[in-house]
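K.L.:
This one is upload_36.cif, mmCIF, C-alpha atoms.
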data_start
#
loop_
_atom_site.label_atom_id
_atom_site.label_comp_id
_atom_site.auth_asym_id
_atom_site.auth_seq_id
_atom_site.Cartn_x
_atom_site.Cartn_y
_atom_site.Cartn_z
CA MET B 197 65.83 88.32 -16.98
CA ILE B 198 67.77 89.93 -14.18
CA GLU B 199 71.05 91.49 -15.25
CA ASN B 200 73.65 92.99 -12.95
CA ILE B 201 76.63 94.94 -14.35
CA PHE B 202 79.04 96.14 -11.66
CA MET B 203 80.05 99.51 -13.09
CA THR B 204 78.42 102.86 -12.34
CA SER B 205 75.00 101.31 -12.81
CA TYR B 206 73.34 97.96 -13.17
CA LEU B 207 69.98 96.72 -14.29
CA LEU B 208 67.70 94.24 -12.58
CA PHE B 209 64.94 93.12 -14.94
CA LEU B 210 62.36 90.83 -13.37
CA GLU B 211 59.53 89.15 -15.21
CA LEU B 212 57.27 88.31 -12.31
CA LEU B 213 53.57 88.45 -11.59
CA VAL B 214 53.32 91.69 -9.64
CA SER B 215 50.61 90.29 -7.36
CA PHE B 216 52.93 87.40 -6.43
CA LEU B 217 55.84 89.80 -5.76
CA HIS B 218 53.61 92.03 -3.63
CA TYR B 219 52.48 89.00 -1.60
CA LEU B 220 56.07 88.00 -0.81
CA LEU B 221 57.14 91.57 -0.06
CA SER B 222 54.18 91.87 2.34
CA ILE B 223 55.33 88.79 4.27
CA VAL B 224 58.95 89.98 4.52
CA SER B 225 57.96 93.51 5.54
CA ARG B 226 56.17 92.21 8.64
CA ALA B 227 59.58 91.87 10.30
CA ILE B 228 60.49 95.51 9.68
CA SER B 229 60.05 98.23 12.30
CA VAL B 230 59.54 101.83 11.20
CA PHE B 231 61.32 102.92 14.40
CA SER B 232 64.55 101.02 13.72
CA PRO B 233 67.70 103.01 14.69
CA LEU B 234 69.52 101.46 11.71
CA PRO B 235 68.39 102.91 8.36
CA ALA B 236 69.24 99.63 6.61
CA LEU B 237 66.72 97.75 8.76
CA SER B 238 63.90 99.96 7.47
CA GLY B 239 64.35 98.35 4.07
CA ILE B 240 64.09 94.99 2.32
CA CYS B 241 67.40 93.52 1.24
CA ILE B 242 67.20 92.11 -2.28
CA ASP B 243 69.99 89.65 -2.98
CA LEU B 244 70.56 87.89 -6.30
CA LYS B 245 72.67 84.76 -6.05
CA ASP B 246 72.72 81.03 -6.80
CA GLY B 247 70.05 81.41 -9.49
CA SER B 248 67.49 82.90 -7.09
CA MET B 249 66.20 86.16 -5.70
CA ILE B 250 66.34 86.42 -1.89
CA LEU B 251 64.20 88.93 0.03
CA THR B 252 65.11 89.65 3.67
CA GLY B 253 63.49 91.86 6.31
CA SER B 254 64.41 92.18 9.98
CA ASP B 255 64.11 94.30 13.12
CA SER B 256 66.88 92.22 14.82
CA ASN B 257 64.32 90.33 16.97
CA ILE B 258 62.30 88.84 14.13
CA SER B 259 63.79 88.16 10.70
CA ILE B 260 61.98 86.91 7.60
CA ARG B 261 63.64 85.55 4.48
CA THR B 262 61.94 84.22 1.38
CA VAL B 263 63.39 82.95 -1.88
CA ILE B 264 62.08 83.34 -5.43
CA VAL B 265 63.31 80.73 -7.88
CA PRO B 266 62.44 80.37 -11.58
CA GLY B 267 58.99 78.82 -11.86
CA GLU B 268 55.49 79.08 -13.23
CA LEU B 269 54.81 82.45 -11.58
CA ASN B 270 57.87 84.15 -13.05
CA ASN B 271 60.57 84.00 -15.69
CA LEU B 272 63.52 84.67 -13.44
CA ASP B 273 66.93 84.57 -15.13
CA ILE B 274 69.99 85.91 -13.27
CA GLU B 275 73.01 86.69 -15.44
CA GLU B 276 75.19 88.18 -12.68
CA GLU B 277 74.86 88.47 -8.92
CA GLY B 278 74.17 91.66 -6.97
CA SER B 279 72.19 93.17 -4.08
CA ILE B 280 70.52 96.37 -2.86
CA ILE B 281 68.37 97.56 0.07
CA ILE B 282 65.10 99.34 -0.78
CA ASP B 283 62.84 101.07 1.75
CA SER B 284 60.03 98.60 2.42
CA LYS B 285 57.24 101.17 2.73
CA TYR B 286 57.95 102.77 -0.64
CA LEU B 287 58.71 99.48 -2.38
CA LEU B 288 55.42 97.93 -1.28
CA GLU B 289 53.47 101.02 -2.26
CA ILE B 290 55.08 101.16 -5.71
CA VAL B 291 54.59 97.46 -6.47
CA ARG B 292 50.97 97.66 -5.30
CA LYS B 293 50.30 100.50 -7.74
CA LEU B 294 51.88 98.75 -10.73
CA ASP B 295 49.02 97.27 -12.73
CA CYS B 296 51.22 95.14 -14.98
CA LYS B 297 52.95 91.79 -15.34
CA ASN B 298 56.62 92.74 -15.71
CA ILE B 299 58.69 94.99 -13.49
CA GLU B 300 62.10 96.50 -14.22
CA ILE B 301 64.46 97.68 -11.46
CA GLU B 302 67.51 99.70 -12.45
CA VAL B 303 70.18 100.63 -9.90
CA ILE B 304 72.18 103.69 -10.92
CA ASP B 305 75.50 104.64 -9.28
CA TYR B 306 74.95 101.83 -6.76
CA SER B 307 72.23 103.65 -4.79
CA LEU B 308 69.60 105.33 -7.00
CA VAL B 309 66.83 102.82 -7.71
CA ARG B 310 64.53 103.21 -10.71
CA ILE B 311 61.45 100.98 -10.77
CA SER B 312 59.50 101.00 -14.00
CA SER B 313 56.93 99.13 -16.03
CA ASP B 314 54.69 99.81 -19.00
CA ASN B 315 52.45 101.89 -16.73
CA GLY B 316 54.93 104.20 -15.00
CA GLN B 317 58.34 104.90 -13.52
CA PHE B 318 59.46 105.58 -9.93
CA ASN B 319 62.81 106.76 -8.57
CA LEU B 320 63.96 106.36 -4.97
CA ASN B 321 67.19 106.13 -3.02
CA GLY B 322 68.46 102.69 -2.08
CA ILE B 323 71.09 101.61 0.44
CA ARG B 324 74.15 99.51 -0.30
CA SER B 325 73.71 95.95 0.90
CA ASN B 326 77.00 95.95 2.86
CA GLU B 327 75.23 98.13 5.45
CA TYR B 328 72.74 95.33 6.19
CA PRO B 329 73.45 93.33 9.38
CA ASP B 330 74.71 89.78 8.98
CA ILE B 331 71.79 87.58 10.08
CA ASP B 332 72.53 83.98 11.02
CA PHE B 333 69.83 81.72 9.56
CA THR B 334 71.46 78.42 10.58
CA GLN B 335 68.90 75.94 11.85
CA PRO B 336 68.63 75.20 15.60
CA ASN B 337 68.97 71.61 16.78
CA HIS B 338 65.42 70.65 17.80
CA HIS B 339 62.95 70.00 15.00
CA PHE B 340 59.26 69.17 14.83
CA VAL B 341 56.44 69.62 12.33
CA LEU B 342 53.02 71.18 12.82
CA LYS B 343 50.10 71.76 10.51
CA ALA B 344 49.34 75.43 10.05
CA THR B 345 45.89 74.92 11.55
CA ASP B 346 47.46 73.40 14.70
CA LEU B 347 49.90 76.29 15.08
CA LYS B 348 47.10 78.80 14.64
CA SER B 349 45.01 77.05 17.30
CA ILE B 350 47.97 77.02 19.70
CA VAL B 351 48.48 80.76 19.34
CA SER B 352 44.78 81.67 19.49
CA GLN B 353 44.21 79.52 22.61
CA THR B 354 47.32 80.51 24.60
CA ALA B 355 48.72 83.89 23.52
CA PHE B 356 45.76 85.84 24.95
CA ALA B 357 46.81 84.74 28.47
CA CYS B 358 50.38 86.06 28.13
CA SER B 359 51.41 89.24 29.90
CA ASP B 360 51.67 92.48 27.93
CA LYS B 361 54.11 94.00 30.45
CA ASP B 362 57.89 93.77 30.11
CA GLN B 363 58.74 93.55 33.83
CA ARG B 364 58.85 89.75 33.53
CA PRO B 365 59.76 89.04 29.88
CA VAL B 366 59.29 85.27 30.23
CA LEU B 367 55.56 85.83 30.83
CA THR B 368 55.14 87.69 27.53
CA GLY B 369 55.70 84.49 25.55
CA VAL B 370 54.14 81.08 24.95
CA ASN B 371 56.06 78.17 26.46
CA PHE B 372 56.60 75.14 24.20
CA ASN B 373 57.47 72.08 26.28
CA SER B 374 57.94 68.72 24.52
CA GLN B 375 57.95 65.53 26.57
CA SER B 376 57.53 61.97 25.30
CA ASN B 377 55.97 62.87 21.94
CA MET B 378 53.60 65.39 23.53
CA LEU B 379 53.81 69.16 23.07
CA TYR B 380 52.50 71.29 25.92
CA CYS B 381 51.96 74.94 24.99
CA SER B 382 51.24 77.36 27.83
CA GLY B 383 50.62 81.07 28.22
CA THR B 384 50.25 82.91 31.53
CA ASP B 385 50.44 86.36 33.10
CA SER B 386 50.66 84.77 36.60
CA TYR B 387 46.93 85.37 37.19
CA ARG B 388 45.51 83.14 34.46
CA LEU B 389 46.84 80.13 32.59
CA ALA B 390 45.99 78.73 29.14
CA ARG B 391 47.35 75.41 27.90
CA LYS B 392 47.10 73.54 24.60
CA THR B 393 48.34 69.96 24.19
CA ILE B 394 49.23 68.37 20.84
CA GLU B 395 50.72 65.00 19.99
CA LEU B 396 54.00 65.14 18.06
CA ASN B 397 55.72 62.69 15.74
CA SER B 398 59.03 63.55 17.38
CA SER B 399 60.91 62.06 20.31
CA GLN B 400 63.00 65.17 20.99
CA ASP B 401 62.44 66.83 24.37
CA PHE B 402 62.84 70.60 24.67
CA ASN B 403 61.52 73.59 26.60
CA ILE B 404 61.50 77.05 25.01
CA THR B 405 59.45 80.25 25.30
CA ILE B 406 58.58 82.29 22.21
CA PRO B 407 57.23 85.88 22.41
CA SER B 408 53.48 85.91 21.78
CA LYS B 409 53.65 89.04 19.59
CA SER B 410 56.14 87.32 17.29
CA LEU B 411 53.96 84.22 17.12
CA THR B 412 51.05 86.40 16.03
CA GLU B 413 53.14 87.65 13.10
CA VAL B 414 53.97 84.05 12.19
CA VAL B 415 50.34 82.91 12.00
CA ARG B 416 49.46 86.00 9.94
CA SER B 417 52.00 84.87 7.33
CA ILE B 418 50.84 81.28 6.87
CA SER B 419 47.82 79.72 5.18
CA ASP B 420 45.77 76.80 6.44
CA GLU B 421 47.21 74.49 3.77
CA ASP B 422 50.82 74.99 4.91
CA THR B 423 52.89 72.48 6.86
CA ILE B 424 55.32 74.25 9.20
CA ASP B 425 58.79 72.91 10.01
CA ILE B 426 59.82 74.36 13.38
CA TYR B 427 63.45 74.43 14.51
CA ALA B 428 64.22 75.66 18.01
CA ASP B 429 66.76 75.91 20.80
CA PHE B 430 67.26 78.20 23.79
CA LYS B 431 68.53 81.02 21.54
CA LYS B 432 66.11 81.15 18.61
CA ALA B 433 63.21 79.54 16.79
CA GLN B 434 62.59 79.17 13.07
CA PHE B 435 59.30 78.58 11.27
CA VAL B 436 59.86 77.26 7.76
CA PHE B 437 57.20 76.89 5.06
CA ASP B 438 57.43 76.89 1.28
CA LYS B 439 60.64 78.86 0.67
CA THR B 440 60.15 81.24 3.60
CA ILE B 441 61.95 81.32 6.96
CA ILE B 442 60.58 83.31 9.93
CA GLN B 443 63.24 83.50 12.64
CA LEU B 444 62.60 84.69 16.21
CA VAL B 445 65.40 85.45 18.69
#
Show this structure as structure tokens.
P.N.:
Amino acid sequence: MIENIFMTSYLLFLELLVSFLHYLLSIVSRAISVFSPLPALSGICIDLKDGSMILTGSDSNISIRTVIVPGELNNLDIEEEGSIIIDSKYLLEIVRKLDCKNIEIEVIDYSLVRISSDNGQFNLNGIRSNEYPDIDFTQPNHHFVLKATDLKSIVSQTAFACSDKDQRPVLTGVNFNSQSNMLYCSGTDSYRLARKTIELNSSQDFNITIPSKSLTEVVRSISDEDTIDIYADFKKAQFVFDKTIIQLV
């Protein structure tokens, strides 16, 4: 049960397999930079609404959001809505150390976070969620589907040829060019060129370039059994699998 009482304190009680929670926190934290100028972006935003628990991490260039809904791996029950930002480094370390099944998170005076279980208790300072940037997760227009194994092969066979210098930003990314049901993926630093071609079940034509470093983070977050829905336009790209969105801008 997760309970949120908007007074001087509120209690979040989560019955969730800690290993499952740590896995999701690890995925979300990959978008977080320790050098962020905004303190809120050094943390994971935990948002309770619409019967689910939403975890968000971002460094403004890459944003990751995943949703936990009641299911076989947890006994999630939200009585009232609420949100808080918790430093990702400390949260991951605490959850990793908790050798238990249930975890209890109590927020006191809107900012002090107490994380406890049968095996211990931890206190740390949180940040109010209204300090977190408003991230637009609306889906871009172009859509196609790739198997995780295909996406991994694209990145492994093209990203190595991309430039690691910022003088020409377009060369630091992999170009995805769709024409007549064929997807041409290319990486180059102007001296060498790598190209991977895959047939698509989509008639949409598009041409976008996605930073190779961000693509590496995407493939680290997916398993070979996943099917990836990819939404893209000239402003951003989204990689959607299970209940997780990885957004690159």
K.L.:
Find the residue from B:Asp243, B:Glu300, B:Asp330, B:Asp346 that sits nearest to Ser419 of chain B; use only C-alpha atoms when measuring.
P.N.:
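Of B:Asp243, B:Glu300, B:Asp330, B:Asp346, the one nearest Ser419 of chain B is B:Asp346, counting only C-alpha atoms.
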K.L.:
The PyMOL selection byres ((chain B and resi 396-402) around 6) on the file shown: which residues, as a count of residues only?
P.N.:
7
K.L.:
Which residues fall under the PyMOL selection byres ((chain B and resi 429) around 7) in this file, as a list in words?
P.N.:
Pro336, Asn337, His338, Ile404, Ala428, Phe430, Lys431, Lys432 and Ala433 of chain B
K.L.:
Closest to Asn319 of chain B among B:Tyr380, B:Ile260, B:Ile282, B:Leu444, using only C-alpha atoms?
P.N.:
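Going through B:Tyr380, B:Ile260, B:Ile282, B:Leu444 one by one, the smallest distance to Asn319 of chain B is for B:Ile282.
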K.L.:
Between atom CA of Ser325 of chain B and atom CA of Ile304 of chain B, what is the distance, to one decimal in Å?
P.N.:
14.2 Å
K.L.:
Env of Tyr286 of chain B: 10 Å cut, atoms = only C-alpha atoms, seq-sep filter 5 positions within chain, self excluded. Answer as a PyMOL selection string.
P.N.:
chain B and resi 239+291-292+318+320
